[in-house]
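Asker: Below you'll find the structure I mean.
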Amino acid sequence: MQQSSIPPTVSRVVGLDVHPDSFTASILQGATPLSAVELKVFNKVPIAKLTDWAQKNTLPTDTLVLEASGNSFDVARKLLAIERKAVVLESYFVGKLKESHANNDRISATRIARAYLCGNAKTVWVPDPLTQERRDLFHAHRRAVKGVTAANNSLSSYLSDNGVRLDQSLLDLCRDERRNAVMKARTWNPTQTQILEIRLLELDHHIELEGRLASLAAQQVLQDPKLLELTRLCGIRDVIAFAIGAIVGDINRFKSHKSLVKYAGLNPAFDDSGKGTWSGGIKGHGHKDLRALLIEAGHALLRSPNHPNSDWGRKLLGRKGEVALVVAALARKLVVQVWYSLKGLTKPMEQVSKPMVQKIGKMISRVGQQGLDALGISRKDAREQALEILRTRKPGREYALRQDPPAAIPVAQMPASALAT
């Protein structure tokens, strides 16, 4: 979560302009950007000497400031490991201070330090190693999903250009069925056959890659009690539960469910200035990947029968008549439930329902036999372990909220019954 940084009380701020192979450091002394004096500059120091340099040339009371970039989190974790205070600033604000006519590593390091002294720059949370690993896996999976879509569209477009329209989506067929459907759709000449072979190979590659990455994500969900607990929520299965764990990370950095709603960008934008008042949608702020997944879960929730949240959504749809608005409201309600779940404040599961057993079975299918072999566990044992985790989760305090909120509050918080799958 991003937070407004507070001007430091320490006398020295060290700006670091970090690159993959080297870094430049500018040590400033002073409480404000105008009064700060540059004491010393270390230009283009090899990145391998970072910790030795920091221990020799900085103090535990110094604040070392970096701009968010490719390896800034790794650098920050190394500095924190040697008891140095490391702060990562959002790159957008720092970039606005860049001079268009002159720039080098020394100027950049000084600019980063002065940006922190301004007090307006937003800090970026430095994820722990496990969260960083999950984020890398999440982004790889998102790229694989986009690769599947692009390869499928490319192949379908080629078939359409040659007058072929298949009755069934290529993604609904297995590898051999997909090849037979394409090759037997019409008579192809040798060049066309080779082109189709290449495009089929590309599609098969992306599908296999996406499946293996999804298997890794499902494995982590089945083994992590907090992520598995999220799947109790209607509309959330392994992919979304894993994404929440990867993006949100430590839930304790969100003081309330409102801050998590804001982080996801599910609070409406507004502008109330002078005589003009405007309120808008949910686009343009928050974490777009997390918001997109929660909107997807909201759609699934609206389609689900016999569930308190689904019934609430359909009643709201009857009043408002806008599916997009209702889905966003359901996504916001789901975020509130996620916050309570990750904080351990949910009602314990006394008896595992049949839908929950089916959901776990689908997650194990996503893991696949290859994933189960890698874990050294059978399908039956994986199911029993997951159910045991859900049964033995430590109970937290219960909470109950209204099903029909007043007009001033667009979405209520979570009722205890909403955890039923």
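Each chain of the structure tokens is named A, B, ... in the order shown, its residues numbered from 1; ligands are numbered from 1 in display order.
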DSSP on the backbone: which residues in region 89-265 of chain A end up as strand (DSSP E)? Give the answer as a PDB file with N, CA and C atoms, in the first residue's frame.

Answerer:
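Writing done, so here's states_2.pdb:
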```
ATOM      1  N   LEU A  89      10.603   5.069  -3.023  1.00  0.00           N
ATOM      2  CA  LEU A  89       9.632   6.082  -3.433  1.00  0.00           C
ATOM      3  C   LEU A  89       8.969   5.685  -4.747  1.00  0.00           C
ATOM      4  N   LYS A 122       5.235   9.520  -2.405  1.00  0.00           N
ATOM      5  CA  LYS A 122       4.597   8.334  -1.833  1.00  0.00           C
ATOM      6  C   LYS A 122       5.609   7.200  -1.733  1.00  0.00           C
ATOM      7  N   THR A 123       5.568   6.513  -0.613  1.00  0.00           N
ATOM      8  CA  THR A 123       6.460   5.375  -0.425  1.00  0.00           C
ATOM      9  C   THR A 123       5.785   4.095  -0.899  1.00  0.00           C
ATOM     10  N   VAL A 124       6.595   3.155  -1.311  1.00  0.00           N
ATOM     11  CA  VAL A 124       6.114   1.877  -1.804  1.00  0.00           C
ATOM     12  C   VAL A 124       6.508   0.795  -0.811  1.00  0.00           C
TER      13      VAL A 124
END
```

Asker: Neighbouring residues of region 351-366 of chain A were defined as those with any atom within 9 Å, considering only C-alpha atoms; residues of the same chain fewer than 4 positions away were excluded. Please report them as an MDAnalysis selection string.

Answerer: chainID A and resid 211:212 214:215 218:219 221:222 231:232 237:238 371:372 379 382:383 386:387 390:391 420:421

Asker: Would you give me, as a ChimeraX atom specification, the residues in region 146-338 of chain A that DSSP reads as helix (DSSP H, G or I)?

Answerer: /A:146-161,170-172,175-183,190-223,225-230,238-248,251-253,257-264,288-303,308-320,323-338

Asker: Identify, on the basis of only C-alpha atoms, every residue whose closest approach to Lys288 (chain A) does not exceed 12 Å; exclude the query and any residue fewer than 2 positions from it along the same chain; express the result as a list in words.

Answerer: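 The contact residues come out as Ile247, Lys262, Tyr263, Ala264, Gly265, Leu266, Ile282, Lys283, Gly284, His285, Gly286, Leu290, Arg291, Ala292, Leu293, Leu294 and Ile295 of chain A.
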
Asker: Using only C-alpha atoms, which of A:Ala81, A:Val94, A:Leu375, A:Leu260 sits nearest Ile244 (chain A)?

Answerer: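 Distance minimum relative to Ile244 (chain A) lands on A:Leu260.
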
Asker: Can you pull out every residue within 10 Å of region 324-333 of chain A, counting only C-alpha atoms, but drop anything in the same chain fewer than 5 positions away, and send it as a VMD selection string?

Answerer: chain A and resid 235 257 to 258 260 to 262 264 to 268 281 to 282 291 to 302 309 to 310 312 to 319 338 410 to 414

Asker: Figure out the distance between CA of Tyr158 (chain A) and CA of Ile195 (chain A), please, to one decimal in Å.

Answerer: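 Rounded to one decimal, the two atoms are 9.3 Å apart.
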
Asker: Hey, can you check how far CA of Ser341 (chain A) sits from CA of Val323 (chain A)?

Answerer: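 Atom-to-atom, CA of Ser341 (chain A) to CA of Val323 (chain A), that is 26.5 Å.
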
Asker: For Leu166 (chain A), list every protein, DNA or RNA residue within 8 Å, evaluated using only C-alpha atoms, and leave out those in the same chain fewer than 2 positions away; present the list as JSON, numbers by chain.

Answerer: {"A": [164, 168, 169, 181, 185]}

Asker: So the first atom is CA of Leu228 (chain A) and the second is CA of Ala241 (chain A); what is the distance between them in Å, to one decimal place?

Answerer: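 Between CA of Leu228 (chain A) and CA of Ala241 (chain A) the gap works out to 7.5 Å.
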
Asker: Neighbouring residues of Arg253 (chain A) were defined as those with any atom within 9 Å, considering only C-alpha atoms; residues of the same chain fewer than 3 positions away were excluded. Please report them as an NGL selection string.

Answerer: :A and (1 or 125 or 248-250)

Asker: May I have the selected residues written with N, CA and C atoms, as a tab-separated table (two decimals), in the first residue's frame?

Answerer:
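To be explicit, this is the file written out as part-v4.tsv:
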```tsv
chain	number	residue	atom	x	y	z
A	1	MET	N	0.85	-1.20	0.00
A	1	MET	CA	0.00	0.00	0.00
A	1	MET	C	0.88	1.24	0.00
A	125	TRP	N	5.55	-0.05	-0.46
A	125	TRP	CA	5.84	-1.14	0.48
A	125	TRP	C	6.83	-2.11	-0.15
A	248	VAL	N	-1.61	-8.27	-2.31
A	248	VAL	CA	-1.85	-7.65	-0.99
A	248	VAL	C	-0.69	-7.88	-0.06
A	249	GLY	N	-0.15	-9.11	-0.03
A	249	GLY	CA	0.96	-9.40	0.86
A	249	GLY	C	0.54	-9.37	2.31
A	250	ASP	N	1.24	-8.60	3.12
A	250	ASP	CA	0.96	-8.51	4.56
A	250	ASP	C	-0.30	-7.68	4.79
```
